[in-house]
Amino acid sequence: SAANDADAVKKAQGKMDAAKMALKKAQKAAKASKKKDQPKKQKAGGKKKVSGLGLEAKKSENFALWYSSVIVKAEMIEYYEDVSGCYILRPWAYNIWEAVKTFFDGEIKDLGVENSYFPMFVSKKALTAEEDHVDGFAAEVAWVTKSGSSDLAEPIAIRPTSETIMYPAFAKWIHSHRDLPLQLNQWTNVVRWEFKNPTPFIRTREFLWQEGHSAFETQEEADAEVLSILDLYARVYEELMAVPVIKGRKSEKERFPGGFYTTTVEAFIPAVGRSVQGATSHCLGQNFGKIFNISYETKNGKDKAIPIQNSWGLTTRSIGVMTMVHGDDKGLVLPPRVAPLQVAIVWLYKAEDDKAQIDAIADMANDLGNTLKAAGLRVKVDNRMDKTGGWKRNYWEQKGVPVRIDIGSAELTSKEIVMCRRDTLSQVKCHIDATVDVVKSLMVSIQEDMLDKARRERDARLSIVTTWDEFMTALESGNMILAPWCELMSSEIWVKKTTKEFFLKKEAEQLASKGEEAQEDDGRSLTGAAKTLCIPFAQPPMAEGQLCFTSVEGSPGLGKKATAWTLWGRSY
């Protein structure tokens with residue numbers, strides 16, 4: 001019996017030892033696999049170190065991932081994990097917004113506009129006073145319903161826009177023709193509770209903007225301001241951000257809810273064939289004045305009149321548009337006028353350089369940096385000793401700094417400076433004494449060249465068509481389209497419905513061939529419906545008797561004459 005027990009113990013011990021050995025082998029294999037999957041770290045001896053730089057995708061292959069990678073790696077955005085659709089603007093992005101703000105704020109003050117600030121909350125009664133207006137924003141309004149643990153007597157909305165917040169005050173301030181014009185602006189934030197797939201800068205639940213509101217005696221004065229503001233918006237995009245835009249009037253369906261008419265600047269992202277509404281300037285007419293009892297005593301001292309009102313706004317969406325248009329597979333590409341830094345100076349040294357030589361290289365870089373700063377340029381000398389020269393070059397390249405200057409022992413000896421243009425990645429050489437003049441010249445050239453390049457790429461994707469078949473061919477190619485249109489709202493609705501059905505069916509067929517199911521369009525692919533973007537102010541000649549491009553069987557535009565050339569496309 002004792003012998004049998006001993007045998008049993010030995011067998012059990014053998015099984016335990018075998019199990020331990022198997023466990024050790026599994027752990028060793030798992031550790032080896034994990035180590036294999038991890039990026040290799042640099043060791044003393046020169047093996048490559050993982051820098052943390054570099055984008056996760058190419059712009060032409062996976063635009064959504066490329067864009068997300070650019071704005072994070074360039075230190076523009078930090079994702080805010082607490083609330084979906086909200087983002088942290090890091091200093092690099094906020095500095096760009098400040099450049100826009102500085103320019104635009106100065107220009108509107110020259111037009112007589114004054115800055116102010118109004119509360120971010122609005123009562124349900126005020127918000128719903130104008131039916132079309134509230135219907136236009138109803139799905140996006142965020143409501144405050146509690147104070148601590150107590151329910152509010154009436155829900156309070158967080159502003160999606162401020163017409164209904166500001167105009168009760170206008171009614172108190174405007175009594176006489178002498179109180180006009182009243183032109184106010186505020187730099188603030190807005191909340192619109194988007195339910196579509198959010199895209200940083202482009203489609204977010206909270207964003208920054210400027211919001212202008214004006215009141216005038218005459219329609220002529222109001223019309224003049226609408227166009228003056230629209231011109232400023234075009235200048236922000238083209239002169240500051242080097243992004244070409246098309247100015248025009250929105251269709252009746254696309255005009256601002258509750259407004260009289262809406263003008264817009266429209267940008268285009270060639271990489272995905274999507275247009276973006278860049279900024280809008282609205283004439284509201286007398287509609288809101290009637291609702292909020294805004295009136296004034298006319299010059300004859302007897303009659304009362306309702307002023308003509310405008311509202312207009314530009315948002316941080318502009319930063320996203322600029323990034324999408326100019327960015328490349330190396331990262332962000334910034335136009336000099338909005339770049340937080342215009343020049344990055346990277347000084348380099350070799351292992352064989354002694355301390356005196358390294359100090360001399362650093363002194364040369366810092367002296368050059370001070371010289372460029374004194375000349376009015378925004379400059380950073382990268383004095384970090386814990387990063388290699390290659391890492392620092394890639395870092396500033398990824399952040400989109402327009403010009404990078406490398407200084408090492410060769411430059412110390414020759415006094416010849418090598419500059420790298422971020423937009424073209426080409427090099428420019430000059431003597432150190434000519435650096436200021438050359439860099440200033442480069443700032444002008446880069447700004448102009450970026451706009452020219454963006455305009456050429458945009459125009460190459462602008463199709464002019466006259467028939468429905470041509471329209472659909474251009475749309476499938478991801479182009480923006482100029483077509484003769486009858487301006488019937490029913491025709492516009494038909495186009496949107498027909499194109500949506502066409503692309504959803506096409507996408508479903510493509511996915512079915514792969515054994516996958518179609519998903520709702522998230523704004524990042526090319527499956528969205530076509531819509532009017534604007535009726536451009538610059539109108540080509542219209543052929544006599546030209547029919548609407550939607551003049552096909554089943555369309556409300558069948559047999560209708562075209563009244564205007566109209567820009568169409570798929571948009572964010």
# chains A, B, ... in the order shown; residues from 1 in each chain; ligands from 1

$ residues_around --residues "A:Arg421" --least-positions-apart "6" --cutoff "9 Å" --atoms "only C-alpha atoms" --output "ChimeraX atom specification"
/A:401-404,427-428,442,446

$ select_by_dssp --residues "stretch 29-215 of chain A" --states "helix (DSSP H, G or I)" --output "number ranges by chain"
A: 29-37, 63-73, 91-110, 124-127, 131-140, 163-173, 177-179

$ select_by_dssp --residues "stretch 455-519 of chain A" --states "strand (DSSP E or B)" --output "PyMOL selection string"
chain A and resi 462-464+480-485

$ residues_around --residues "stretch 275-291 of chain A" --least-positions-apart "2" --cutoff "6 Å" --atoms "only C-alpha atoms" --output "PDB file with N, CA, C and O atoms, in the first residue's frame"
ATOM      1  N   VAL A 226     -22.979  92.931 -46.016  1.00  0.00           N
ATOM      2  CA  VAL A 226     -22.942  91.497 -46.311  1.00  0.00           C
ATOM      3  C   VAL A 226     -21.772  91.179 -47.235  1.00  0.00           C
ATOM      4  O   VAL A 226     -20.996  90.241 -46.991  1.00  0.00           O
ATOM      5  N   LEU A 230     -18.149  89.261 -46.544  1.00  0.00           N
ATOM      6  CA  LEU A 230     -17.825  88.090 -47.359  1.00  0.00           C
ATOM      7  C   LEU A 230     -16.452  88.248 -48.007  1.00  0.00           C
ATOM      8  O   LEU A 230     -15.680  87.282 -48.091  1.00  0.00           O
ATOM      9  N   GLY A 259     -33.564  83.625 -42.326  1.00  0.00           N
ATOM     10  CA  GLY A 259     -32.924  84.767 -42.965  1.00  0.00           C
ATOM     11  C   GLY A 259     -33.578  85.141 -44.281  1.00  0.00           C
ATOM     12  O   GLY A 259     -34.467  84.451 -44.795  1.00  0.00           O
ATOM     13  N   PHE A 260     -33.112  86.261 -44.847  1.00  0.00           N
ATOM     14  CA  PHE A 260     -33.605  86.769 -46.124  1.00  0.00           C
ATOM     15  C   PHE A 260     -32.800  86.155 -47.266  1.00  0.00           C
ATOM     16  O   PHE A 260     -33.341  85.616 -48.218  1.00  0.00           O
ATOM     17  N   TYR A 261     -31.476  86.250 -47.188  1.00  0.00           N
ATOM     18  CA  TYR A 261     -30.603  85.554 -48.129  1.00  0.00           C
ATOM     19  C   TYR A 261     -29.248  85.310 -47.459  1.00  0.00           C
ATOM     20  O   TYR A 261     -28.892  85.978 -46.487  1.00  0.00           O
ATOM     21  N   THR A 262     -28.503  84.325 -47.996  1.00  0.00           N
ATOM     22  CA  THR A 262     -27.214  83.930 -47.426  1.00  0.00           C
ATOM     23  C   THR A 262     -26.147  83.932 -48.504  1.00  0.00           C
ATOM     24  O   THR A 262     -26.367  83.410 -49.605  1.00  0.00           O
ATOM     25  N   THR A 263     -24.998  84.518 -48.191  1.00  0.00           N
ATOM     26  CA  THR A 263     -23.830  84.431 -49.077  1.00  0.00           C
ATOM     27  C   THR A 263     -22.771  83.567 -48.407  1.00  0.00           C
ATOM     28  O   THR A 263     -22.750  83.415 -47.180  1.00  0.00           O
ATOM     29  N   THR A 264     -21.888  83.010 -49.211  1.00  0.00           N
ATOM     30  CA  THR A 264     -20.937  82.027 -48.682  1.00  0.00           C
ATOM     31  C   THR A 264     -19.624  82.049 -49.437  1.00  0.00           C
ATOM     32  O   THR A 264     -19.560  82.526 -50.579  1.00  0.00           O
ATOM     33  N   VAL A 265     -18.565  81.563 -48.798  1.00  0.00           N
ATOM     34  CA  VAL A 265     -17.320  81.222 -49.493  1.00  0.00           C
ATOM     35  C   VAL A 265     -17.163  79.708 -49.383  1.00  0.00           C
ATOM     36  O   VAL A 265     -17.249  79.142 -48.298  1.00  0.00           O
ATOM     37  N   GLU A 266     -16.969  79.059 -50.529  1.00  0.00           N
ATOM     38  CA  GLU A 266     -16.905  77.596 -50.585  1.00  0.00           C
ATOM     39  C   GLU A 266     -15.493  77.141 -50.937  1.00  0.00           C
ATOM     40  O   GLU A 266     -14.903  77.585 -51.926  1.00  0.00           O
ATOM     41  N   ALA A 267     -14.947  76.256 -50.116  1.00  0.00           N
ATOM     42  CA  ALA A 267     -13.636  75.668 -50.360  1.00  0.00           C
ATOM     43  C   ALA A 267     -13.816  74.230 -50.843  1.00  0.00           C
ATOM     44  O   ALA A 267     -14.913  73.674 -50.788  1.00  0.00           O
ATOM     45  N   PHE A 268     -12.722  73.620 -51.307  1.00  0.00           N
ATOM     46  CA  PHE A 268     -12.792  72.260 -51.844  1.00  0.00           C
ATOM     47  C   PHE A 268     -11.562  71.472 -51.424  1.00  0.00           C
ATOM     48  O   PHE A 268     -10.444  72.004 -51.434  1.00  0.00           O
ATOM     49  N   ILE A 269     -11.774  70.215 -51.049  1.00  0.00           N
ATOM     50  CA  ILE A 269     -10.688  69.320 -50.640  1.00  0.00           C
ATOM     51  C   ILE A 269     -10.476  68.294 -51.748  1.00  0.00           C
ATOM     52  O   ILE A 269     -11.190  67.288 -51.832  1.00  0.00           O
ATOM     53  N   ASN A 293     -39.603  92.809 -31.822  1.00  0.00           N
ATOM     54  CA  ASN A 293     -40.089  94.191 -31.637  1.00  0.00           C
ATOM     55  C   ASN A 293     -38.957  95.220 -31.679  1.00  0.00           C
ATOM     56  O   ASN A 293     -38.864  96.111 -30.824  1.00  0.00           O
ATOM     57  N   ILE A 294     -38.094  95.090 -32.675  1.00  0.00           N
ATOM     58  CA  ILE A 294     -37.019  96.061 -32.871  1.00  0.00           C
ATOM     59  C   ILE A 294     -37.513  97.115 -33.867  1.00  0.00           C
ATOM     60  O   ILE A 294     -37.815  96.789 -35.024  1.00  0.00           O
ATOM     61  N   ILE A 308     -33.078  96.783 -41.024  1.00  0.00           N
ATOM     62  CA  ILE A 308     -32.619  95.611 -41.792  1.00  0.00           C
ATOM     63  C   ILE A 308     -31.419  95.031 -41.050  1.00  0.00           C
ATOM     64  O   ILE A 308     -30.471  95.751 -40.732  1.00  0.00           O
ATOM     65  N   GLN A 309     -31.464  93.729 -40.768  1.00  0.00           N
ATOM     66  CA  GLN A 309     -30.407  93.116 -39.953  1.00  0.00           C
ATOM     67  C   GLN A 309     -29.566  92.112 -40.735  1.00  0.00           C
ATOM     68  O   GLN A 309     -30.036  91.486 -41.698  1.00  0.00           O
ATOM     69  N   ASN A 310     -28.325  91.982 -40.300  1.00  0.00           N
ATOM     70  CA  ASN A 310     -27.383  90.998 -40.848  1.00  0.00           C
ATOM     71  C   ASN A 310     -26.791  90.161 -39.725  1.00  0.00           C
ATOM     72  O   ASN A 310     -26.744  90.603 -38.570  1.00  0.00           O
ATOM     73  N   SER A 311     -26.317  88.978 -40.069  1.00  0.00           N
ATOM     74  CA  SER A 311     -25.460  88.214 -39.152  1.00  0.00           C
ATOM     75  C   SER A 311     -24.428  87.474 -39.983  1.00  0.00           C
ATOM     76  O   SER A 311     -24.681  87.142 -41.144  1.00  0.00           O
ATOM     77  N   TRP A 312     -23.250  87.222 -39.401  1.00  0.00           N
ATOM     78  CA  TRP A 312     -22.164  86.639 -40.178  1.00  0.00           C
ATOM     79  C   TRP A 312     -21.175  85.938 -39.241  1.00  0.00           C
ATOM     80  O   TRP A 312     -20.990  86.341 -38.106  1.00  0.00           O
ATOM     81  N   GLY A 313     -20.565  84.835 -39.720  1.00  0.00           N
ATOM     82  CA  GLY A 313     -19.674  84.076 -38.844  1.00  0.00           C
ATOM     83  C   GLY A 313     -18.614  83.266 -39.565  1.00  0.00           C
ATOM     84  O   GLY A 313     -18.821  82.755 -40.668  1.00  0.00           O
ATOM     85  N   LEU A 314     -17.464  83.164 -38.911  1.00  0.00           N
ATOM     86  CA  LEU A 314     -16.313  82.359 -39.360  1.00  0.00           C
ATOM     87  C   LEU A 314     -15.854  81.529 -38.170  1.00  0.00           C
ATOM     88  O   LEU A 314     -15.765  82.038 -37.054  1.00  0.00           O
ATOM     89  N   SER A 571     -20.386  67.445 -49.765  1.00  0.00           N
ATOM     90  CA  SER A 571     -19.682  68.308 -48.812  1.00  0.00           C
ATOM     91  C   SER A 571     -19.596  67.670 -47.435  1.00  0.00           C
ATOM     92  O   SER A 571     -20.308  66.726 -47.119  1.00  0.00           O
ATOM     93  N   TYR A 572     -18.693  68.231 -46.622  1.00  0.00           N
ATOM     94  CA  TYR A 572     -18.604  67.836 -45.222  1.00  0.00           C
ATOM     95  C   TYR A 572     -19.787  68.431 -44.483  1.00  0.00           C
ATOM     96  O   TYR A 572     -20.226  69.538 -44.784  1.00  0.00           O
TER      97      TYR A 572
END

$ atom_distance --atom1 "atom CA of A:Ile158" --atom2 "atom CA of A:Lys125"
13.2 Å

$ residues_around --residues "stretch 164-170 of chain A" --least-positions-apart "2" --cutoff "7 Å" --atoms "only C-alpha atoms" --output "JSON, numbers by chain"
{"A": [118, 122, 126, 127, 162, 172, 173, 174, 292, 294]}

$ write_last_selection --atoms "all heavy atoms" --output "CSV table (one decimal), in the first residue's frame"
chain,number,residue,atom,x,y,z
A,118,PHE,N,-22.2,88.4,-25.1
A,118,PHE,CA,-23.5,88.0,-24.7
A,118,PHE,C,-23.5,86.6,-24.0
A,118,PHE,O,-22.6,85.8,-24.4
A,118,PHE,CB,-24.5,88.0,-25.8
A,118,PHE,CG,-24.8,89.4,-26.3
A,118,PHE,CD1,-23.9,90.1,-27.1
A,118,PHE,CD2,-26.1,90.0,-26.0
A,118,PHE,CE1,-24.2,91.4,-27.6
A,118,PHE,CE2,-26.4,91.2,-26.5
A,118,PHE,CZ,-25.5,92.0,-27.3
A,122,VAL,N,-29.8,80.6,-23.5
A,122,VAL,CA,-31.0,81.2,-24.1
A,122,VAL,C,-32.3,80.4,-23.6
A,122,VAL,O,-32.2,79.2,-23.6
A,122,VAL,CB,-30.9,81.3,-25.6
A,122,VAL,CG1,-30.7,80.0,-26.3
A,122,VAL,CG2,-32.2,82.0,-26.2
A,126,ALA,N,-37.4,82.2,-26.1
A,126,ALA,CA,-36.7,83.1,-27.0
A,126,ALA,C,-36.2,82.3,-28.2
A,126,ALA,O,-36.3,82.7,-29.4
A,126,ALA,CB,-35.5,83.8,-26.3
A,127,LEU,N,-35.6,81.1,-28.0
A,127,LEU,CA,-35.1,80.3,-29.0
A,127,LEU,C,-36.1,79.9,-30.1
A,127,LEU,O,-35.8,79.8,-31.3
A,127,LEU,CB,-34.4,79.0,-28.5
A,127,LEU,CG,-33.6,78.2,-29.5
A,127,LEU,CD1,-32.4,78.9,-30.1
A,127,LEU,CD2,-33.1,76.9,-28.9
A,162,SER,N,-26.5,83.2,-31.9
A,162,SER,CA,-26.9,84.1,-30.9
A,162,SER,C,-28.0,85.1,-31.3
A,162,SER,O,-28.3,86.1,-30.6
A,162,SER,CB,-25.7,84.9,-30.3
A,162,SER,OG,-24.8,84.0,-29.7
A,172,LYS,N,-34.0,97.0,-27.0
A,172,LYS,CA,-33.9,98.0,-25.9
A,172,LYS,C,-32.9,99.2,-26.3
A,172,LYS,O,-33.1,100.3,-25.8
A,172,LYS,CB,-33.3,97.3,-24.7
A,172,LYS,CG,-34.2,96.3,-24.0
A,172,LYS,CD,-33.5,95.7,-22.8
A,172,LYS,CE,-34.4,94.6,-22.1
A,172,LYS,NZ,-33.7,94.0,-21.0
A,173,TRP,N,-32.0,98.9,-27.2
A,173,TRP,CA,-31.0,99.9,-27.6
A,173,TRP,C,-31.3,100.7,-28.8
A,173,TRP,O,-30.8,101.8,-29.0
A,173,TRP,CB,-29.6,99.2,-27.8
A,173,TRP,CG,-29.1,98.4,-26.6
A,173,TRP,CD1,-29.5,98.6,-25.3
A,173,TRP,CD2,-28.2,97.3,-26.6
A,173,TRP,NE1,-28.8,97.7,-24.5
A,173,TRP,CE2,-28.0,96.9,-25.3
A,173,TRP,CE3,-27.5,96.7,-27.6
A,173,TRP,CZ2,-27.1,95.9,-25.0
A,173,TRP,CZ3,-26.6,95.7,-27.3
A,173,TRP,CH2,-26.4,95.3,-26.0
A,174,ILE,N,-32.2,100.2,-29.7
A,174,ILE,CA,-32.5,100.9,-30.9
A,174,ILE,C,-33.9,101.6,-30.7
A,174,ILE,O,-34.9,100.9,-30.6
A,174,ILE,CB,-32.6,99.9,-32.1
A,174,ILE,CG1,-31.2,99.3,-32.3
A,174,ILE,CG2,-33.0,100.6,-33.4
A,174,ILE,CD1,-31.1,98.2,-33.3
A,292,PHE,N,-38.9,90.3,-32.5
A,292,PHE,CA,-38.4,90.8,-31.3
A,292,PHE,C,-38.7,92.3,-31.0
A,292,PHE,O,-38.1,92.9,-30.2
A,292,PHE,CB,-36.8,90.6,-31.2
A,292,PHE,CG,-36.5,89.1,-31.0
A,292,PHE,CD1,-36.2,88.3,-32.1
A,292,PHE,CD2,-36.5,88.5,-29.8
A,292,PHE,CE1,-35.9,87.0,-32.0
A,292,PHE,CE2,-36.2,87.2,-29.6
A,292,PHE,CZ,-35.9,86.4,-30.7
A,294,ILE,N,-38.1,95.1,-32.7
A,294,ILE,CA,-37.0,96.1,-32.9
A,294,ILE,C,-37.5,97.1,-33.9
A,294,ILE,O,-37.8,96.8,-35.0
A,294,ILE,CB,-35.7,95.4,-33.4
A,294,ILE,CG1,-35.3,94.2,-32.5
A,294,ILE,CG2,-34.6,96.4,-33.5
A,294,ILE,CD1,-34.2,93.4,-33.1

$ atom_distance --atom1 "atom CA of A:Ile405" --atom2 "atom CA of A:Arg378"
13.3 Å
